>>> print(open('model.cif').read())   # mmCIF, C-alpha atoms and all ligand atoms
data_data
loop_
_atom_site.group_PDB
_atom_site.id
_atom_site.type_symbol
_atom_site.label_atom_id
_atom_site.label_comp_id
_atom_site.auth_asym_id
_atom_site.auth_seq_id
_atom_site.Cartn_x
_atom_site.Cartn_y
_atom_site.Cartn_z
ATOM 1 C CA MET Z 26 -48.532 16.157 41.853
ATOM 2 C CA ALA Z 27 -45.354 17.789 43.158
ATOM 3 C CA GLY Z 28 -44.125 14.375 44.345
ATOM 4 C CA LYS Z 29 -44.738 12.802 40.976
ATOM 5 C CA GLY Z 30 -42.921 15.621 39.150
ATOM 6 C CA GLY Z 31 -39.976 15.337 41.508
ATOM 7 C CA TRP Z 32 -39.740 11.590 40.875
ATOM 8 C CA ARG Z 33 -39.704 12.222 37.169
ATOM 9 C CA ILE Z 34 -36.890 14.750 37.463
ATOM 10 C CA LEU Z 35 -34.881 12.353 39.611
ATOM 11 C CA THR Z 36 -35.355 9.573 37.096
ATOM 12 C CA ALA Z 37 -34.290 11.808 34.231
ATOM 13 C CA ALA Z 38 -31.229 12.909 36.203
ATOM 14 C CA GLY Z 39 -30.406 9.279 36.986
ATOM 15 C CA LEU Z 40 -30.685 8.252 33.355
ATOM 16 C CA LEU Z 41 -28.540 11.169 32.272
ATOM 17 C CA ALA Z 42 -25.892 10.301 34.871
ATOM 18 C CA ALA Z 43 -25.888 6.682 33.700
ATOM 19 C CA LEU Z 44 -25.533 7.763 30.075
ATOM 20 C CA LEU Z 45 -22.785 10.253 30.854
ATOM 21 C CA SER Z 46 -20.745 7.847 32.935
ATOM 22 C CA GLY Z 47 -21.049 5.256 30.162
ATOM 23 C CA CYS Z 48 -19.759 7.738 27.583
ATOM 24 C CA GLY Z 49 -17.073 9.095 29.893
ATOM 25 C CA LYS Z 50 -15.565 5.672 30.269
ATOM 26 C CA GLY Z 51 -15.454 5.329 26.486
ATOM 27 C CA GLY Z 52 -17.292 2.012 26.422
ATOM 28 C CA ASP Z 53 -15.017 -0.830 25.349
ATOM 29 C CA ASP Z 54 -11.987 1.467 25.279
ATOM 30 C CA ASP Z 55 -11.644 0.735 28.992
ATOM 31 C CA THR Z 56 -9.903 -2.493 28.194
ATOM 32 C CA VAL Z 57 -7.537 -1.308 25.464
ATOM 33 C CA LYS Z 58 -3.860 -1.872 26.258
ATOM 34 C CA PRO Z 59 -0.741 -0.459 24.566
ATOM 35 C CA LYS Z 60 -0.218 -3.747 22.711
ATOM 36 C CA LEU Z 61 -0.853 -4.558 19.063
ATOM 37 C CA ASP Z 62 -3.194 -7.451 19.997
ATOM 38 C CA SER Z 63 -5.379 -5.202 22.088
ATOM 39 C CA LEU Z 64 -5.359 -2.250 19.683
ATOM 40 C CA TRP Z 65 -6.176 -4.612 16.826
ATOM 41 C CA ALA Z 66 -9.128 -6.196 18.599
ATOM 42 C CA GLU Z 67 -10.450 -2.861 19.812
ATOM 43 C CA ARG Z 68 -10.257 -0.848 16.604
ATOM 44 C CA LEU Z 69 -7.493 -1.445 14.085
ATOM 45 C CA LYS Z 70 -9.067 -4.561 12.563
ATOM 46 C CA TYR Z 71 -11.829 -2.349 11.144
ATOM 47 C CA CYS Z 72 -9.347 -0.263 9.113
ATOM 48 C CA SER Z 73 -9.328 -3.014 6.473
ATOM 49 C CA GLU Z 74 -12.857 -2.010 5.489
ATOM 50 C CA CYS Z 75 -10.939 0.348 3.195
ATOM 51 C CA HIS Z 76 -7.243 -0.515 3.497
ATOM 52 C CA ASP Z 77 -7.351 -3.961 1.890
ATOM 53 C CA PRO Z 78 -6.211 -4.705 -1.692
ATOM 54 C CA ASP Z 79 -8.413 -7.833 -1.775
ATOM 55 C CA ARG Z 80 -11.563 -5.809 -1.240
ATOM 56 C CA ASP Z 81 -10.608 -3.037 -3.667
ATOM 57 C CA PRO Z 82 -8.495 -4.032 -6.685
ATOM 58 C CA ASP Z 83 -7.651 -0.365 -7.353
ATOM 59 C CA TYR Z 84 -6.170 0.084 -3.897
ATOM 60 C CA ASP Z 85 -2.378 0.570 -3.856
ATOM 61 C CA GLY Z 86 -1.806 1.496 -0.202
ATOM 62 C CA PRO Z 87 -0.733 -0.590 2.816
ATOM 63 C CA ASP Z 88 -2.576 -3.856 3.408
ATOM 64 C CA MET Z 89 -4.263 -3.673 6.834
ATOM 65 C CA SER Z 90 -6.206 -6.920 6.492
ATOM 66 C CA THR Z 91 -4.201 -8.788 9.155
ATOM 67 C CA GLN Z 92 -2.199 -7.757 12.197
ATOM 68 C CA ALA Z 93 1.016 -8.931 10.520
ATOM 69 C CA SER Z 94 0.383 -7.077 7.253
ATOM 70 C CA PHE Z 95 -0.705 -3.988 9.204
ATOM 71 C CA LEU Z 96 2.629 -3.878 11.033
ATOM 72 C CA ALA Z 97 4.744 -4.722 7.990
ATOM 73 C CA GLY Z 98 2.848 -2.256 5.811
ATOM 74 C CA LEU Z 99 3.081 0.746 8.133
ATOM 75 C CA LYS Z 100 6.125 0.429 10.385
ATOM 76 C CA GLU Z 101 9.068 2.388 8.948
ATOM 77 C CA GLN Z 102 7.199 2.718 5.631
ATOM 78 C CA ASP Z 103 6.229 5.979 3.993
ATOM 79 C CA HIS Z 104 4.599 7.282 0.817
ATOM 80 C CA SER Z 105 7.623 6.383 -1.288
ATOM 81 C CA ASP Z 106 6.956 2.690 -0.515
ATOM 82 C CA TYR Z 107 3.517 3.045 -2.164
ATOM 83 C CA GLY Z 108 4.257 5.190 -5.195
ATOM 84 C CA ASP Z 109 1.007 4.212 -6.959
ATOM 85 C CA TRP Z 110 -1.252 5.028 -3.999
ATOM 86 C CA ASN Z 111 -3.514 7.853 -5.156
ATOM 87 C CA ILE Z 112 -3.775 9.932 -2.015
ATOM 88 C CA GLY Z 113 -4.420 13.566 -1.099
ATOM 89 C CA SER Z 114 -2.012 13.600 1.833
ATOM 90 C CA ASP Z 115 1.329 15.058 0.778
ATOM 91 C CA CYS Z 116 3.368 14.544 3.961
ATOM 92 C CA SER Z 117 5.984 12.718 1.928
ATOM 93 C CA GLY Z 118 8.902 11.220 3.800
ATOM 94 C CA VAL Z 119 7.057 11.077 7.146
ATOM 95 C CA PRO Z 120 6.798 7.401 8.197
ATOM 96 C CA PHE Z 121 3.327 5.940 8.761
ATOM 97 C CA ILE Z 122 4.716 4.471 12.006
ATOM 98 C CA ASP Z 123 8.025 5.893 13.266
ATOM 99 C CA PRO Z 124 8.999 3.534 16.120
ATOM 100 C CA GLU Z 125 9.431 5.369 19.440
ATOM 101 C CA LYS Z 126 8.143 8.595 17.841
ATOM 102 C CA PRO Z 127 4.337 8.865 17.865
ATOM 103 C CA GLY Z 128 4.766 12.610 17.232
ATOM 104 C CA ASN Z 129 6.360 11.812 13.860
ATOM 105 C CA SER Z 130 4.013 8.971 12.825
ATOM 106 C CA LEU Z 131 1.473 9.737 10.088
ATOM 107 C CA ILE Z 132 -0.933 7.164 11.507
ATOM 108 C CA MET Z 133 -1.424 9.452 14.515
ATOM 109 C CA ALA Z 134 -1.923 12.454 12.205
ATOM 110 C CA ALA Z 135 -4.411 10.523 10.066
ATOM 111 C CA LEU Z 136 -6.609 9.793 13.086
ATOM 112 C CA VAL Z 137 -6.088 12.451 15.794
ATOM 113 C CA LEU Z 138 -6.592 16.188 15.173
ATOM 114 C CA SER Z 139 -3.877 17.475 17.552
ATOM 115 C CA TYR Z 140 -1.261 15.201 15.920
ATOM 116 C CA SER Z 141 -2.433 16.239 12.463
ATOM 117 C CA ASP Z 142 -1.928 19.913 13.336
ATOM 118 C CA GLN Z 143 1.484 19.246 14.874
ATOM 119 C CA ILE Z 144 2.887 16.979 12.161
ATOM 120 C CA SER Z 145 1.554 19.254 9.418
ATOM 121 C CA ALA Z 146 3.251 22.247 11.074
ATOM 122 C CA ASP Z 147 6.520 20.303 11.514
ATOM 123 C CA HIS Z 148 6.635 19.417 7.816
ATOM 124 C CA GLY Z 149 5.896 22.609 5.920
ATOM 125 C CA LYS Z 150 2.117 22.583 6.412
ATOM 126 C CA CYS Z 151 1.723 19.302 4.550
ATOM 127 C CA ASP Z 152 -1.815 17.892 4.208
ATOM 128 C CA THR Z 153 -2.541 14.822 6.349
ATOM 129 C CA SER Z 154 -5.432 12.389 5.910
ATOM 130 C CA TYR Z 155 -7.116 13.544 9.121
ATOM 131 C CA SER Z 156 -9.951 15.436 7.439
ATOM 132 C CA TYR Z 157 -10.748 12.449 5.226
ATOM 133 C CA HIS Z 158 -10.958 10.041 8.191
ATOM 134 C CA ASN Z 159 -12.922 12.608 10.172
ATOM 135 C CA ASP Z 160 -15.454 13.024 7.350
ATOM 136 C CA VAL Z 161 -16.111 9.266 7.298
ATOM 137 C CA SER Z 162 -16.262 9.030 11.132
ATOM 138 C CA GLU Z 163 -13.001 7.050 11.340
ATOM 139 C CA SER Z 164 -10.997 9.643 13.285
ATOM 140 C CA PHE Z 165 -10.404 9.260 17.027
ATOM 141 C CA ASP Z 166 -12.156 11.741 19.326
ATOM 142 C CA ALA Z 167 -9.847 13.435 21.861
ATOM 143 C CA GLU Z 168 -12.306 12.828 24.720
ATOM 144 C CA LYS Z 169 -14.387 9.810 23.797
ATOM 145 C CA ASP Z 170 -11.390 7.835 22.479
ATOM 146 C CA ALA Z 171 -8.831 9.138 24.993
ATOM 147 C CA ASP Z 172 -7.881 5.618 26.178
ATOM 148 C CA LEU Z 173 -7.499 4.366 22.613
ATOM 149 C CA ILE Z 174 -5.344 7.357 21.602
ATOM 150 C CA SER Z 175 -3.182 6.935 24.684
ATOM 151 C CA ALA Z 176 -2.735 3.202 24.047
ATOM 152 C CA LEU Z 177 -1.802 3.744 20.371
ATOM 153 C CA LYS Z 178 0.637 6.500 21.311
ATOM 154 C CA THR Z 179 2.279 4.387 24.050
ATOM 155 C CA TRP Z 180 2.496 1.331 21.793
ATOM 156 C CA ILE Z 181 4.389 3.405 19.184
ATOM 157 C CA ALA Z 182 6.526 5.091 21.884
ATOM 158 C CA ASN Z 183 7.511 1.590 23.067
ATOM 159 C CA GLY Z 184 8.788 0.715 19.590
ATOM 160 C CA ALA Z 185 5.605 -0.470 17.786
ATOM 161 C CA LYS Z 186 6.395 -4.085 18.604
ATOM 162 C CA ASP Z 187 4.559 -7.178 17.439
ATOM 163 C CA ASN Z 188 2.975 -7.820 20.837
HETATM 164 C C1 LIG Z 201 -13.825 4.502 5.027
HETATM 165 C C2 LIG Z 201 -12.535 4.095 4.490
HETATM 166 C C3 LIG Z 201 -11.332 4.151 5.440
HETATM 167 C C4 LIG Z 201 -11.228 3.598 6.682
HETATM 168 C C5 LIG Z 201 -12.240 2.720 7.413
HETATM 169 C C6 LIG Z 201 -9.913 3.934 7.156
HETATM 170 N N1 LIG Z 201 -9.239 4.655 6.226
HETATM 171 FE FE1 LIG Z 201 -7.292 5.281 6.319
HETATM 172 N N2 LIG Z 201 -7.468 6.199 4.526
HETATM 173 C C7 LIG Z 201 -8.570 6.128 3.708
HETATM 174 C C8 LIG Z 201 -8.326 6.938 2.532
HETATM 175 C C9 LIG Z 201 -9.310 7.142 1.358
HETATM 176 C C10 LIG Z 201 -7.041 7.491 2.686
HETATM 177 C C11 LIG Z 201 -6.365 8.481 1.758
HETATM 178 C C12 LIG Z 201 -6.940 9.840 2.126
HETATM 179 C C13 LIG Z 201 -6.338 10.982 1.374
HETATM 180 O O1 LIG Z 201 -6.395 10.984 0.140
HETATM 181 O O2 LIG Z 201 -5.799 11.885 2.045
HETATM 182 C C14 LIG Z 201 -6.507 6.980 3.942
HETATM 183 C C15 LIG Z 201 -5.231 7.246 4.404
HETATM 184 C C16 LIG Z 201 -4.646 6.622 5.505
HETATM 185 C C17 LIG Z 201 -3.264 6.728 5.907
HETATM 186 C C18 LIG Z 201 -2.185 7.549 5.221
HETATM 187 C C19 LIG Z 201 -2.010 8.799 6.014
HETATM 188 C C20 LIG Z 201 -1.330 9.922 5.290
HETATM 189 O O3 LIG Z 201 -1.569 11.066 5.682
HETATM 190 O O4 LIG Z 201 -0.560 9.681 4.371
HETATM 191 C C21 LIG Z 201 -3.113 5.981 7.033
HETATM 192 C C22 LIG Z 201 -1.839 5.767 7.839
HETATM 193 C C23 LIG Z 201 -4.401 5.412 7.343
HETATM 194 N N3 LIG Z 201 -5.310 5.816 6.384
HETATM 195 C C24 LIG Z 201 -4.661 4.628 8.429
HETATM 196 C C25 LIG Z 201 -5.930 4.168 8.785
HETATM 197 C C26 LIG Z 201 -6.197 3.438 10.002
HETATM 198 C C27 LIG Z 201 -5.151 3.045 11.025
HETATM 199 C C28 LIG Z 201 -7.541 3.166 10.012
HETATM 200 C C29 LIG Z 201 -8.351 2.474 11.079
HETATM 201 C C30 LIG Z 201 -8.362 3.096 12.410
HETATM 202 C C31 LIG Z 201 -8.101 3.705 8.784
HETATM 203 N N4 LIG Z 201 -7.095 4.331 8.082
HETATM 204 C C32 LIG Z 201 -9.425 3.571 8.407
HETATM 205 C C33 LIG Z 201 -9.731 5.424 3.962
HETATM 206 C C34 LIG Z 201 -10.063 4.799 5.155
#
>>> encode(input="model.cif", output="structure tokens", more="lines below")
Ligand code: HEC
Amino acid sequence: MAGKGGWRILTAAGLLAALLSGCGKGGDDDTVKPKLDSLWAERLKYCSECHDPDRDPDYDGPDMSTQASFLAGLKEQDHSDYGDWNIGSDCSGVPFIDPEKPGNSLIMAALVLSYSDQISADHGKCDTSYSYHNDVSESFDAEKDADLISALKTWIANGAKDN
């Protein structure tokens, strides 16, 4: 009996270890590189589920349906470029992607809590879109998505190039 119980505990511990190591590595995030191609394939292509004027005729924000439109629509653009976009975020004047400055790019604030807090504080406690993305499970988790966050940050720090 004792032997059987011990085997069961070992198996449970083994399964747990396997699960934890799988999560710790962040699954597919392992392969994400600080390049637009890689970021797109890993995650950004799914943003068009909402950010796509073809899917939603009432949508007046940036078109994220292709890599090219994603870059053109966000890099060095801000709220004033989308005056009709009905949005709760009021961090006006902060670029969606500020090349070489991830710490001043609203895309980081919209997806990552620590950037949201920082950018909001830097700009008169403006409201970012972080809580919206978090509510719909689109935000990036500091631990689980650490590789993805790091790759996005480095890509912007390197000038947000079309690479
Ligand atoms: C489920 C729908 C949905 C998905 C998927 C989604 N978003 Fe959004 N996003 C929104 C909405 C709605 C807003 C406006 C929220 C508000 O009113 O604050 C928004 C706002 C934004 C903004 C503006 C930020 C600001 O504070 O002004 C950016 C940038 C953005 N999203 C990027 C992304 C990126 C990048 C992805 C993919 C990783 C993504 N979104 C996925 C719905 C979505």
>>> closest_residue(input="model.cif", among="Z:Lys186, Z:Arg68, Z:Lys126, Z:Lys169", to="ligand LIG 201 (chain Z)", atoms="only C-alpha atoms and all ligand atoms")
Z:Arg68
>>> closest_residue(input="model.cif", among="Z:Glu125, Z:Asp85, Z:Glu163, Z:Glu67", to="Tyr107 in chain Z", atoms="all atoms listed in the file")
Z:Asp85
>>> closest_residue(input="model.cif", among="Z:Trp180, Z:His158, Z:Gly86, Z:Ile144", to="Gly108 in chain Z", atoms="only C-alpha atoms")
Z:Gly86
>>> resolve_selection(input="model.cif", expression="the PyMOL selection byres (((chain Z and resi 71-74) around 10) and not hetatm)", output="ChimeraX atom specification")
/Z:65-70,75-81,87-91,95,163
>>> write_last_selection(input="model.cif", atoms="C-alpha atoms", output="compact mmCIF listing (two decimals), keeping the file's coordinate frame")
# COMPACT_ATOMS: atom_id res chain seq x y z
CA TRP Z 65 -6.18 -4.61 16.83
CA ALA Z 66 -9.13 -6.20 18.60
CA GLU Z 67 -10.45 -2.86 19.81
CA ARG Z 68 -10.26 -0.85 16.60
CA LEU Z 69 -7.49 -1.44 14.08
CA LYS Z 70 -9.07 -4.56 12.56
CA CYS Z 75 -10.94 0.35 3.20
CA HIS Z 76 -7.24 -0.52 3.50
CA ASP Z 77 -7.35 -3.96 1.89
CA PRO Z 78 -6.21 -4.70 -1.69
CA ASP Z 79 -8.41 -7.83 -1.78
CA ARG Z 80 -11.56 -5.81 -1.24
CA ASP Z 81 -10.61 -3.04 -3.67
CA PRO Z 87 -0.73 -0.59 2.82
CA ASP Z 88 -2.58 -3.86 3.41
CA MET Z 89 -4.26 -3.67 6.83
CA SER Z 90 -6.21 -6.92 6.49
CA THR Z 91 -4.20 -8.79 9.15
CA PHE Z 95 -0.70 -3.99 9.20
CA GLU Z 163 -13.00 7.05 11.34
>>> residues_around(input="model.cif", residues="Ser145 in chain Z", least_positions_apart="6", cutoff="9 Å", atoms="all atoms listed in the file", output="ChimeraX atom specification")
/Z:116,134,151-153
>>> atom_distance(input="model.cif", atom1="atom C17 of ligand LIG 201 (chain Z)", atom2="CA of Ile132 in chain Z")
6.1 Å
>>> atom_distance(input="model.cif", atom1="CA of Ile122 in chain Z", atom2="CA of Leu177 in chain Z")
10.6 Å
>>> axis_aligned_box(input="model.cif", around="range 80-89 of chain Z", padding_each_side="8 Å", output="lines of an AutoDock Vina configuration file")
center_x = -6.1
center_y = -2.2
center_z = -0.3
size_x = 26.8
size_y = 23.3
size_z = 30.2
>>> closest_residue(input="model.cif", among="Z:Lys150, Z:Lys178, Z:Lys100, Z:Lys60", to="Gly128 in chain Z", atoms="all atoms listed in the file")
Z:Lys178
>>> closest_residue(input="model.cif", among="Z:Thr56, Z:Ser114, Z:Ser63, Z:Ser154", to="Asn188 in chain Z", atoms="all atoms listed in the file")
Z:Ser63
>>> closest_residue(input="model.cif", among="Z:Phe121, Z:Asn183, Z:Ala171, Z:Met133", to="Ala97 in chain Z", atoms="all atoms listed in the file")
Z:Phe121
>>> residues_around(input="model.cif", residues="Gly118 in chain Z", least_positions_apart="2", cutoff="7 Å", atoms="only C-alpha atoms", output="NGL selection string")
:Z and (103-104 or 116 or 120)
>>> atom_distance(input="model.cif", atom1="atom C31 of ligand LIG 201 (chain Z)", atom2="CA of Asp160 in chain Z")
12.0 Å
>>> resolve_selection(input="model.cif", expression="the PyMOL selection byres (((chain Z and resi 165) around 10) and not hetatm)", output="mmCIF file with C-alpha atoms, in the coordinates of the input")
data_model
loop_
_atom_site.group_PDB
_atom_site.id
_atom_site.type_symbol
_atom_site.label_atom_id
_atom_site.label_comp_id
_atom_site.auth_asym_id
_atom_site.auth_seq_id
_atom_site.Cartn_x
_atom_site.Cartn_y
_atom_site.Cartn_z
ATOM 1 C CA MET Z 133 -1.424 9.452 14.515
ATOM 2 C CA ALA Z 135 -4.411 10.523 10.066
ATOM 3 C CA LEU Z 136 -6.609 9.793 13.086
ATOM 4 C CA VAL Z 137 -6.088 12.451 15.794
ATOM 5 C CA LEU Z 138 -6.592 16.188 15.173
ATOM 6 C CA TYR Z 155 -7.116 13.544 9.121
ATOM 7 C CA HIS Z 158 -10.958 10.041 8.191
ATOM 8 C CA ASN Z 159 -12.922 12.608 10.172
ATOM 9 C CA SER Z 162 -16.262 9.030 11.132
ATOM 10 C CA GLU Z 163 -13.001 7.050 11.340
ATOM 11 C CA SER Z 164 -10.997 9.643 13.285
ATOM 12 C CA ASP Z 166 -12.156 11.741 19.326
ATOM 13 C CA ALA Z 167 -9.847 13.435 21.861
ATOM 14 C CA GLU Z 168 -12.306 12.828 24.720
ATOM 15 C CA LYS Z 169 -14.387 9.810 23.797
ATOM 16 C CA ASP Z 170 -11.390 7.835 22.479
ATOM 17 C CA ALA Z 171 -8.831 9.138 24.993
ATOM 18 C CA LEU Z 173 -7.499 4.366 22.613
ATOM 19 C CA ILE Z 174 -5.344 7.357 21.602
#
